[in-house]
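To be precise, the following lines are query.cif, and they hold mmCIF, C-alpha atoms.
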data_target
#
loop_
_atom_site.label_atom_id
_atom_site.label_comp_id
_atom_site.auth_asym_id
_atom_site.auth_seq_id
_atom_site.Cartn_x
_atom_site.Cartn_y
_atom_site.Cartn_z
CA MET A 1 25.52 -48.42 -34.31
CA ARG A 2 29.24 -49.01 -34.91
CA LYS A 3 29.87 -45.34 -34.18
CA LYS A 4 28.05 -45.71 -30.87
CA SER A 5 30.13 -48.76 -29.95
CA LEU A 6 33.37 -46.96 -30.76
CA LEU A 7 32.29 -43.95 -28.77
CA ALA A 8 31.44 -46.24 -25.85
CA ILE A 9 34.97 -47.73 -26.01
CA LEU A 10 36.45 -44.21 -26.07
CA LEU A 11 34.41 -43.14 -23.08
CA LEU A 12 35.31 -46.31 -21.21
CA CYS A 13 39.00 -45.76 -21.84
CA PHE A 14 38.77 -42.20 -20.61
CA PHE A 15 36.53 -42.70 -17.64
CA VAL A 16 36.86 -46.25 -16.32
CA ASN A 17 38.41 -45.86 -12.95
CA SER A 18 40.07 -48.98 -11.66
CA ALA A 19 40.89 -46.87 -8.57
CA TYR A 20 42.43 -49.27 -6.16
CA ALA A 21 45.92 -49.82 -4.92
CA LEU A 22 46.69 -53.45 -4.40
CA SER A 23 49.25 -54.87 -2.05
CA GLU A 24 51.75 -57.33 -3.49
CA ALA A 25 51.00 -59.43 -0.39
CA TYR A 26 48.11 -61.01 -2.33
CA LYS A 27 50.19 -61.65 -5.49
CA ASN A 28 47.81 -62.38 -8.39
CA ASN A 29 45.11 -63.90 -6.22
CA ILE A 30 42.69 -60.98 -6.16
CA TYR A 31 39.58 -61.17 -8.30
CA ASN A 32 38.58 -57.84 -9.77
CA PRO A 33 34.81 -57.58 -10.20
CA GLY A 34 35.19 -54.23 -11.98
CA GLU A 35 33.21 -51.10 -11.22
CA LEU A 36 30.02 -51.97 -9.31
CA LYS A 37 26.80 -50.11 -8.52
CA PRO A 38 27.89 -47.90 -5.59
CA VAL A 39 25.06 -48.93 -3.25
CA ASP A 40 22.57 -51.74 -3.88
CA SER A 41 20.51 -52.13 -0.73
CA VAL A 42 18.14 -50.20 1.51
CA LEU A 43 19.14 -49.54 5.11
CA LYS A 44 16.87 -51.03 7.76
CA VAL A 45 18.38 -49.18 10.72
CA LYS A 46 18.88 -45.53 11.64
CA VAL A 47 21.23 -43.50 13.79
CA GLY A 48 19.70 -43.27 17.27
CA GLU A 49 18.04 -46.69 17.08
CA LYS A 50 19.03 -49.81 18.97
CA ALA A 51 21.30 -51.96 16.83
CA PRO A 52 19.96 -55.40 15.96
CA ASP A 53 21.75 -58.03 18.01
CA PHE A 54 23.50 -60.95 16.37
CA ILE A 55 25.70 -63.92 17.13
CA LEU A 56 28.31 -64.90 14.58
CA LYS A 57 31.29 -67.24 14.54
CA SER A 58 34.73 -65.70 14.26
CA VAL A 59 37.65 -67.04 12.23
CA GLU A 60 39.22 -68.05 15.55
CA GLY A 61 36.16 -70.13 16.41
CA LYS A 62 34.60 -67.82 19.03
CA MET A 63 30.90 -67.01 19.04
CA ILE A 64 30.64 -63.23 19.14
CA SER A 65 27.48 -61.40 20.12
CA LEU A 66 26.92 -57.65 19.98
CA LYS A 67 25.35 -57.89 23.44
CA ASP A 68 28.74 -59.01 24.84
CA TYR A 69 29.93 -55.40 24.52
CA TYR A 70 26.94 -53.64 26.10
CA GLY A 71 28.13 -51.45 28.94
CA LYS A 72 31.77 -52.25 28.14
CA LYS A 73 32.91 -51.05 24.72
CA ASN A 74 31.82 -49.02 21.73
CA VAL A 75 31.68 -51.29 18.70
CA VAL A 76 32.72 -50.48 15.15
CA ILE A 77 31.30 -52.95 12.64
CA SER A 78 33.06 -53.01 9.29
CA PHE A 79 31.09 -54.91 6.67
CA VAL A 80 33.17 -55.54 3.57
CA PRO A 81 31.68 -57.13 0.45
CA ALA A 82 33.87 -60.15 -0.18
CA ALA A 83 37.20 -61.80 0.49
CA TRP A 84 39.83 -61.77 -2.26
CA THR A 85 38.53 -58.61 -3.92
CA PRO A 86 40.53 -55.40 -4.45
CA VAL A 87 39.29 -52.68 -2.09
CA CYS A 88 38.34 -55.09 0.73
CA SER A 89 41.82 -56.60 0.74
CA ASP A 90 43.32 -53.18 1.37
CA GLN A 91 40.90 -51.98 4.06
CA TRP A 92 41.29 -54.14 7.18
CA PRO A 93 45.13 -54.19 7.04
CA GLY A 94 44.97 -50.43 7.61
CA TYR A 95 42.70 -50.86 10.63
CA ASN A 96 45.19 -53.45 11.84
CA ILE A 97 47.83 -50.77 12.52
CA VAL A 98 45.52 -48.42 14.44
CA LYS A 99 44.53 -50.55 17.43
CA ASP A 100 45.75 -47.68 19.62
CA ILE A 101 43.11 -45.35 18.12
CA PHE A 102 40.34 -47.86 18.83
CA ASP A 103 41.70 -48.44 22.35
CA SER A 104 41.89 -44.73 23.12
CA ASN A 105 38.23 -44.41 22.09
CA ASP A 106 37.19 -47.41 24.17
CA ALA A 107 36.14 -49.24 21.02
CA VAL A 108 36.49 -52.66 19.47
CA LEU A 109 36.32 -53.50 15.79
CA LEU A 110 34.33 -56.38 14.33
CA GLY A 111 34.96 -57.22 10.67
CA ILE A 112 32.10 -59.02 8.91
CA THR A 113 31.73 -60.54 5.45
CA VAL A 114 29.30 -63.07 3.98
CA ASP A 115 32.18 -65.45 3.21
CA ASN A 116 32.58 -68.78 4.99
CA ILE A 117 35.21 -69.38 7.68
CA PRO A 118 37.75 -71.30 5.52
CA THR A 119 37.75 -68.51 2.94
CA LEU A 120 38.09 -65.83 5.62
CA TYR A 121 40.88 -67.82 7.26
CA SER A 122 42.95 -67.99 4.06
CA TRP A 123 42.28 -64.39 3.13
CA THR A 124 42.95 -62.75 6.49
CA ASN A 125 46.16 -64.81 6.87
CA GLN A 126 47.58 -62.68 4.05
CA MET A 127 46.99 -59.55 6.13
CA GLY A 128 49.24 -60.58 8.99
CA LYS A 129 47.97 -61.21 12.52
CA LEU A 130 44.77 -59.17 12.96
CA TRP A 131 44.03 -57.77 16.42
CA PHE A 132 40.26 -57.68 15.84
CA ASP A 133 37.69 -60.42 15.32
CA VAL A 134 36.58 -61.30 11.82
CA LEU A 135 33.10 -62.82 11.69
CA SER A 136 31.42 -64.97 9.08
CA ASP A 137 27.88 -64.03 8.05
CA PHE A 138 27.81 -66.97 5.64
CA TRP A 139 24.88 -68.98 6.95
CA PRO A 140 22.00 -68.24 7.01
CA HIS A 141 23.53 -66.37 4.15
CA GLY A 142 24.01 -62.67 4.91
CA ALA A 143 21.42 -62.73 7.70
CA VAL A 144 23.18 -60.07 9.78
CA ALA A 145 23.84 -57.87 6.75
CA GLU A 146 20.14 -58.25 5.92
CA LYS A 147 19.13 -57.20 9.47
CA PHE A 148 21.10 -53.98 9.05
CA GLY A 149 19.88 -53.52 5.46
CA VAL A 150 23.28 -53.80 3.82
CA LEU A 151 22.87 -57.04 1.86
CA ARG A 152 23.16 -56.36 -1.86
CA SER A 153 21.03 -58.06 -4.48
CA ASP A 154 23.96 -60.27 -5.57
CA GLY A 155 24.39 -61.73 -2.06
CA VAL A 156 27.44 -59.78 -0.88
CA SER A 157 27.27 -57.02 1.68
CA GLU A 158 27.84 -53.33 1.18
CA ARG A 159 31.07 -51.70 2.26
CA ALA A 160 29.57 -50.23 5.41
CA LEU A 161 30.66 -48.91 8.79
CA PHE A 162 28.47 -48.74 11.87
CA ILE A 163 29.43 -47.33 15.26
CA ILE A 164 27.37 -48.69 18.13
CA ASP A 165 27.83 -47.18 21.56
CA LYS A 166 27.99 -48.96 24.89
CA LYS A 167 24.21 -48.77 25.24
CA GLY A 168 23.77 -50.60 21.96
CA ILE A 169 22.60 -47.47 20.13
CA ILE A 170 23.73 -46.83 16.56
CA ARG A 171 25.69 -43.59 16.53
CA TYR A 172 27.12 -43.52 13.00
CA ILE A 173 26.38 -45.19 9.67
CA ASP A 174 28.41 -45.01 6.48
CA VAL A 175 27.13 -47.18 3.65
CA HIS A 176 30.01 -46.33 1.42
CA ASP A 177 30.41 -46.54 -2.34
CA ILE A 178 31.42 -50.20 -2.67
CA ASN A 179 34.19 -49.24 -5.10
CA GLN A 180 35.99 -46.98 -2.66
CA ARG A 181 37.58 -47.25 0.75
CA PRO A 182 36.18 -44.96 3.46
CA LEU A 183 38.61 -42.37 4.81
CA LEU A 184 39.99 -43.40 8.16
CA GLU A 185 39.94 -39.89 9.61
CA ILE A 186 36.14 -39.69 9.32
CA LEU A 187 35.71 -42.88 11.34
CA VAL A 188 38.20 -41.63 13.94
CA ARG A 189 36.41 -38.27 14.19
CA GLU A 190 33.08 -40.03 14.78
CA LEU A 191 34.61 -42.23 17.48
CA GLU A 192 36.07 -39.17 19.18
CA LYS A 193 32.64 -37.48 19.14
CA ILE A 194 31.19 -40.38 21.11
CA LYS A 195 34.08 -40.33 23.55
CA SER A 196 33.69 -36.57 24.16
CA LYS A 197 29.98 -36.88 25.05
CA MET B 1 28.97 -41.31 -47.69
CA LYS B 2 32.14 -39.25 -47.73
CA ILE B 3 31.02 -37.41 -44.63
CA LYS B 4 30.18 -40.70 -42.90
CA LEU B 5 33.63 -42.11 -43.74
CA THR B 6 35.35 -38.96 -42.49
CA GLY B 7 33.40 -39.18 -39.24
CA LEU B 8 34.33 -42.83 -38.82
CA ALA B 9 37.99 -42.11 -39.60
CA GLY B 10 37.93 -39.36 -36.96
CA ILE B 11 36.56 -41.74 -34.35
CA ILE B 12 39.17 -44.37 -35.26
CA ILE B 13 41.97 -41.79 -34.92
CA MET B 14 40.55 -40.68 -31.55
CA LEU B 15 40.34 -44.32 -30.50
CA CYS B 16 43.99 -44.93 -31.43
CA VAL B 17 45.11 -41.82 -29.57
CA THR B 18 43.03 -42.78 -26.55
CA ILE B 19 44.38 -46.34 -26.52
CA ALA B 20 47.91 -44.95 -26.79
CA ILE B 21 47.24 -42.62 -23.83
CA CYS B 22 45.71 -45.47 -21.82
CA ALA B 23 48.66 -47.74 -22.61
CA ALA B 24 51.13 -45.02 -21.64
CA GLU B 25 49.28 -44.38 -18.39
CA ASN B 26 49.24 -48.06 -17.57
CA SER B 27 52.92 -48.75 -17.82
CA PRO B 28 55.27 -48.34 -14.85
CA PRO B 29 58.30 -46.06 -15.34
CA LYS B 30 60.87 -47.98 -17.40
CA GLU B 31 64.57 -48.18 -16.59
CA GLY B 32 66.49 -45.95 -18.98
CA ASN B 33 63.55 -43.58 -19.51
CA ALA B 34 62.98 -40.14 -18.00
CA PHE B 35 60.81 -40.11 -14.88
CA PRO B 36 57.28 -38.70 -15.48
CA GLU B 37 56.92 -34.98 -14.72
CA ILE B 38 54.70 -35.48 -11.70
CA GLU B 39 54.02 -32.80 -9.12
CA LEU B 40 53.96 -33.72 -5.46
CA LEU B 41 52.71 -31.89 -2.42
CA LYS B 42 55.55 -30.42 -0.39
CA PRO B 43 55.73 -31.81 3.13
CA ALA B 44 54.52 -29.53 5.92
CA ASN B 45 57.36 -30.53 8.23
CA PRO B 46 60.28 -28.03 7.90
CA MET B 47 62.82 -30.80 8.60
CA GLU B 48 61.51 -32.75 5.64
CA ILE B 49 61.55 -29.67 3.42
CA LYS B 50 65.17 -29.17 4.44
CA TYR B 51 65.96 -32.86 3.82
CA LEU B 52 64.68 -32.52 0.25
CA GLY B 53 66.48 -29.19 -0.27
CA LEU B 54 63.22 -27.38 -1.01
CA SER B 55 61.59 -24.28 0.42
CA GLY B 56 58.08 -22.93 0.98
CA ASP B 57 54.89 -24.82 0.35
CA GLY B 58 52.90 -25.93 -2.69
CA LEU B 59 54.07 -28.50 -5.20
CA PHE B 60 57.44 -29.83 -6.28
CA LYS B 61 58.91 -32.08 -8.94
CA ILE B 62 61.32 -34.95 -8.34
CA SER B 63 63.93 -33.08 -10.42
CA GLN B 64 63.87 -30.24 -7.86
CA ILE B 65 65.04 -32.45 -4.99
CA LYS B 66 68.57 -31.57 -3.94
CA ALA B 67 70.18 -34.93 -4.54
CA GLU B 68 71.86 -37.00 -7.21
CA VAL B 69 69.62 -40.02 -6.71
CA VAL B 70 66.06 -40.26 -5.39
CA ILE B 71 64.54 -43.54 -4.18
CA ILE B 72 60.75 -43.48 -4.46
CA GLU B 73 58.66 -46.02 -2.57
CA ILE B 74 55.11 -46.41 -3.86
CA PHE B 75 53.21 -47.71 -0.84
CA SER B 76 49.92 -47.61 1.02
CA MET B 77 49.15 -47.46 4.71
CA TYR B 78 46.63 -50.23 4.01
CA CYS B 79 49.14 -52.56 2.33
CA PRO B 80 50.32 -55.39 4.62
CA TYR B 81 53.42 -55.99 2.51
CA CYS B 82 54.39 -52.28 2.83
CA GLN B 83 53.84 -52.51 6.59
CA GLY B 84 56.18 -55.51 6.72
CA GLU B 85 58.78 -53.78 4.55
CA ALA B 86 58.74 -50.51 6.54
CA PRO B 87 61.53 -51.47 9.01
CA ASN B 88 63.78 -52.49 6.10
CA VAL B 89 63.22 -49.19 4.27
CA ASN B 90 63.92 -47.34 7.54
CA SER B 91 67.21 -49.29 7.79
CA LEU B 92 68.06 -48.24 4.25
CA PHE B 93 67.43 -44.60 5.20
CA THR B 94 69.69 -44.95 8.27
CA LEU B 95 72.37 -46.65 6.18
CA ILE B 96 72.39 -43.74 3.74
CA GLU B 97 72.25 -41.03 6.42
CA ASN B 98 75.15 -42.64 8.31
CA ASN B 99 77.31 -42.81 5.21
CA PRO B 100 79.13 -39.46 4.78
CA VAL B 101 79.68 -40.13 1.06
CA LEU B 102 76.02 -40.91 0.29
CA LYS B 103 74.22 -38.76 2.89
CA ASN B 104 73.42 -35.74 0.75
CA LYS B 105 73.46 -37.55 -2.56
CA ILE B 106 70.67 -40.11 -2.07
CA LYS B 107 67.25 -39.13 -0.75
CA ILE B 108 64.16 -41.26 -0.12
CA ILE B 109 60.49 -40.33 -0.41
CA GLY B 110 57.33 -42.40 -0.14
CA ILE B 111 54.12 -41.85 -2.12
CA GLY B 112 51.01 -43.15 -0.32
CA ILE B 113 48.55 -44.40 -2.94
CA ASN B 114 44.90 -43.62 -2.16
CA ASN B 115 46.09 -42.38 1.25
CA SER B 116 45.06 -39.09 2.80
CA LEU B 117 47.58 -37.02 4.74
CA PHE B 118 46.00 -38.38 7.93
CA GLU B 119 46.67 -41.92 6.70
CA THR B 120 50.29 -41.35 5.58
CA ASP B 121 50.90 -39.67 8.96
CA ILE B 122 49.58 -42.77 10.73
CA PHE B 123 52.01 -44.94 8.75
CA LYS B 124 54.81 -42.50 9.56
CA LYS B 125 54.13 -42.55 13.28
CA LYS B 126 53.49 -46.31 13.48
CA TYR B 127 56.74 -47.25 11.75
CA LYS B 128 58.78 -44.19 12.83
CA VAL B 129 59.53 -43.25 9.21
CA GLU B 130 62.00 -40.37 9.04
CA PHE B 131 61.80 -39.59 5.31
CA PRO B 132 58.87 -37.69 3.72
CA LEU B 133 55.67 -39.57 2.90
CA ILE B 134 53.46 -37.80 0.39
CA PRO B 135 49.75 -38.65 -0.04
CA ASP B 136 48.19 -39.49 -3.41
CA GLY B 137 44.58 -39.51 -2.23
CA ASP B 138 42.96 -39.43 -5.65
CA PHE B 139 45.15 -42.01 -7.44
CA LYS B 140 46.45 -39.26 -9.75
CA LEU B 141 50.09 -40.25 -9.34
CA HIS B 142 49.24 -43.95 -9.17
CA LYS B 143 47.72 -43.79 -12.64
CA ILE B 144 50.81 -42.05 -14.03
CA MET B 145 52.97 -44.73 -12.37
CA GLY B 146 51.10 -47.46 -14.25
CA GLU B 147 48.84 -48.47 -11.33
CA VAL B 148 51.58 -50.65 -9.88
CA ARG B 149 50.99 -52.96 -6.93
CA THR B 150 52.61 -52.00 -3.67
CA PRO B 151 55.30 -51.70 -2.50
CA TYR B 152 57.00 -50.62 -5.72
CA PHE B 153 60.41 -48.97 -5.79
CA ILE B 154 61.69 -46.55 -8.40
CA VAL B 155 65.17 -45.07 -8.31
CA VAL B 156 65.73 -41.88 -10.28
CA LYS B 157 69.08 -40.38 -11.21
CA LEU B 158 69.08 -36.58 -11.33
CA LYS B 159 71.49 -34.59 -13.45
CA GLY B 160 71.23 -31.01 -14.73
CA GLY B 161 67.45 -30.87 -14.25
CA LYS B 162 67.00 -34.16 -16.14
CA THR B 163 65.81 -37.45 -14.72
CA GLU B 164 66.60 -41.05 -15.59
CA VAL B 165 64.95 -44.11 -14.08
CA ILE B 166 67.69 -46.55 -13.11
CA TYR B 167 65.60 -49.03 -11.10
CA SER B 168 61.88 -49.84 -11.32
CA ARG B 169 60.70 -52.98 -9.53
CA LEU B 170 57.79 -54.46 -7.60
CA GLY B 171 58.35 -55.92 -4.16
CA ALA B 172 60.82 -55.84 -1.32
CA LEU B 173 64.31 -54.41 -1.76
CA GLY B 174 66.07 -57.36 -0.20
CA ASP B 175 69.50 -56.83 1.32
CA ASN B 176 70.01 -53.08 1.73
CA ASN B 177 73.78 -53.20 1.21
CA ILE B 178 73.39 -55.11 -2.06
CA PHE B 179 70.62 -52.73 -3.19
CA LEU B 180 72.66 -49.66 -2.29
CA GLY B 181 75.72 -51.07 -4.07
CA LYS B 182 73.60 -51.70 -7.12
CA ILE B 183 72.07 -48.24 -7.35
CA THR B 184 75.41 -46.58 -6.55
CA LYS B 185 76.92 -48.42 -9.49
CA LEU B 186 73.95 -47.77 -11.81
CA SER B 187 73.91 -44.07 -10.99
CA GLY B 188 77.70 -43.67 -11.24
CA LEU B 189 77.86 -42.19 -7.72
CA LYS B 190 81.32 -42.01 -6.24
#

Could you rewrite the structure in this file as structure tokens?
Amino acid sequence: MRKKSLLAILLLCFFVNSAYALSEAYKNNIYNPGELKPVDSVLKVKVGEKAPDFILKSVEGKMISLKDYYGKKNVVISFVPAAWTPVCSDQWPGYNIVKDIFDSNDAVLLGITVDNIPTLYSWTNQMGKLWFDVLSDFWPHGAVAEKFGVLRSDGVSERALFIIDKKGIIRYIDVHDINQRPLLEILVRELEKIKSK
Amino acid sequence: MKIKLTGLAGIIIMLCVTIAICAAENSPPKEGNAFPEIELLKPANPMEIKYLGLSGDGLFKISQIKAEVVIIEIFSMYCPYCQGEAPNVNSLFTLIENNPVLKNKIKIIGIGINNSLFETDIFKKKYKVEFPLIPDGDFKLHKIMGEVRTPYFIVVKLKGGKTEVIYSRLGALGDNNIFLGKITKLSGLK
């Protein structure tokens, strides 16, 4: 038994992958939940289907509906699991410096978490001024994440990206390993595919 | 019994070695120590290859850079603090390049933690960075560097193929003239 425990410690030391790079902007205020189950939900939507509509409140106090963008813009929805956690805190600040890429692909970005507005306000303030809307899916808790099938069993959302075209059709889905950040170039490539069609 | 004890002793030795390796991996480069023998991907841009005094493609070591001092910025395209610090690091680069005494003696490189080449290129274009930015997409270098937060600056003195860390700190550089004076003094540059 003791041998097994020691071996487990050895394996942990060799293979545990903290695998995130954290900005000093957050000081010591980031909670590390450790390595999580990569995906813990079952998708309820498919590429080619109409995206479920929603209305959520943004950090700036606007009510944002997916329908608002029909016929006008492609929409990238970035669900991230939770404020003040490692990978999430270093995902949107990257999107914040590529507004030109979204603009050139006639797309907007909507960031969504299941956190409440005050928490999102404090957290996103550390990222600098964001050009995109950040929406709270806090109450009814995770209802929009649930509609898309990306609400995990512990009440946070997956780290997921959806591209929805101007007709409201889902064109790309990436329910990513929650422990890792999706590569930006893949998202850009998918946006460019929609633009070229 | 003897066999059982030997097995247990073996596991304990392995555990000690593993903990020692983990501890070594988790500590940032210390001032006064040699810089870790990491290998970096050579930049594709010929101007950057020339800036570093290298040739061809493949990998290179910090000790191969043609300079007396190398400033290494550990950063990430996704790090808001690094984004904010970018203009200041660019000013430092300009300050060095405009100083005929320091121009060929001090070089700067950036290592983009968990960044792909696409992502470091975005950072480069966005902030008009003129020094090489090298991606560390798989955290390999980040682990060797002690998984530091970003931005983190390391200054390495090069002499006769040997390296010595003379500065290793988290956070912004502050006043570039003061920083440059400090590392010039620490490295013995004249």

statement: The distance between CA of Met63 (chain A) and CA of Val156 (chain A) is 21.5 Å

For chain B against chain A, with a cut-off of 6 Å and counting all atoms listed in the file, what is the closest atom pair and its distance in Å to one decimal for every residue that makes the cut, ordered by chain and number, as a Markdown table?
| residue | atom | partner | partner_atom | distance |
| --- | --- | --- | --- | --- |
| B:Leu15 | CA | A:Leu10 | CA | 5.9 |
| B:Met77 | CA | A:Gly94 | CA | 5.9 |
| B:Tyr78 | CA | A:Gly94 | CA | 4.0 |
| B:Cys79 | CA | A:Ser23 | CA | 5.0 |
| B:Pro80 | CA | A:Met127 | CA | 5.5 |
| B:Tyr81 | CA | A:Ala25 | CA | 5.1 |
| B:Arg149 | CA | A:Leu22 | CA | 5.0 |
| B:Thr150 | CA | A:Ser23 | CA | 4.7 |

field: Interatomic distance, CA of Tyr69 (chain A) to CA of Tyr172 (chain A) (Å, one decimal)
entry: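 Distance between the two atoms: 16.8 Å.
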
- request: Compare B:Thr163, B:Thr94, B:Asn45, B:Gln64 by their minimum atom-to-atom distance to Asp121 (chain B), counting only C-alpha atoms, and give me the closest one.
  value: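 Residue with the minimum atom-to-atom distance to Asp121 (chain B): B:Asn45.
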
task: Could you tell me how far CA of Asn104 (chain B) lies from CA of Tyr51 (chain B), in Å and to one decimal?
output: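 Atom-to-atom, CA of Asn104 (chain B) to CA of Tyr51 (chain B), that is 8.6 Å.
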
field: Option closest in space to Arg189 (chain A), from A:Pro81, A:Val108, A:Gly34, A:Phe102 [counting all atoms listed in the file]
entry: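 Comparing A:Pro81, A:Val108, A:Gly34, A:Phe102 against Arg189 (chain A), the winner is A:Phe102.
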
query: Which residues, written as a ChimeraX atom specification, have at least one atom at most 6 Å from Ala160 (chain A), with all atoms listed in the file counted and residues fewer than 6 positions away on the same chain left out?
result: /A:78-79,174-176

With the file shown as input, list the residues that the PyMOL selection byres ((chain A and resi 62) around 12) selects, as a PDB file with C-alpha atoms, in the coordinates of the input.
ATOM      1  CA  ILE A  55      25.700 -63.920  17.130  1.00  0.00           C
ATOM      2  CA  LEU A  56      28.310 -64.900  14.580  1.00  0.00           C
ATOM      3  CA  LYS A  57      31.290 -67.240  14.540  1.00  0.00           C
ATOM      4  CA  SER A  58      34.730 -65.700  14.260  1.00  0.00           C
ATOM      5  CA  VAL A  59      37.650 -67.040  12.230  1.00  0.00           C
ATOM      6  CA  GLU A  60      39.220 -68.050  15.550  1.00  0.00           C
ATOM      7  CA  GLY A  61      36.160 -70.130  16.410  1.00  0.00           C
ATOM      8  CA  MET A  63      30.900 -67.010  19.040  1.00  0.00           C
ATOM      9  CA  ILE A  64      30.640 -63.230  19.140  1.00  0.00           C
ATOM     10  CA  SER A  65      27.480 -61.400  20.120  1.00  0.00           C
ATOM     11  CA  ILE A 117      35.210 -69.380   7.680  1.00  0.00           C
ATOM     12  CA  ASP A 133      37.690 -60.420  15.320  1.00  0.00           C
ATOM     13  CA  VAL A 134      36.580 -61.300  11.820  1.00  0.00           C
ATOM     14  CA  LEU A 135      33.100 -62.820  11.690  1.00  0.00           C
ATOM     15  CA  SER A 136      31.420 -64.970   9.080  1.00  0.00           C
TER      16      SER A 136
END

- request: Might you spell out which residues the PyMOL selection byres ((chain B and resi 187) around 8) would select in the displayed file, as an MDAnalysis selection string?
  value: chainID B and resid 69 157 166 183:186 188:189

task: Determine, counting only C-alpha atoms, every residue of protein, DNA or RNA that lies within 10 Å of (72.4, -50.6, 1.1) in the file coordinates, then give the result as an MDAnalysis selection string.
output: chainID B and resid 89 91:96 173:184

task: On this file, the PyMOL selection byres ((chain B and resi 141) around 12) gives some set of residues; write that set as a ChimeraX atom specification.
output: /A:19,21 /B:25-26,28-29,36-41,74-75,110-115,134-140,142-148

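With distances restricted to only C-alpha atoms, B:Lys126 is the closest residue to Pro87 (chain B) from B:Lys126, B:Lys30, B:Arg169, B:Lys66.
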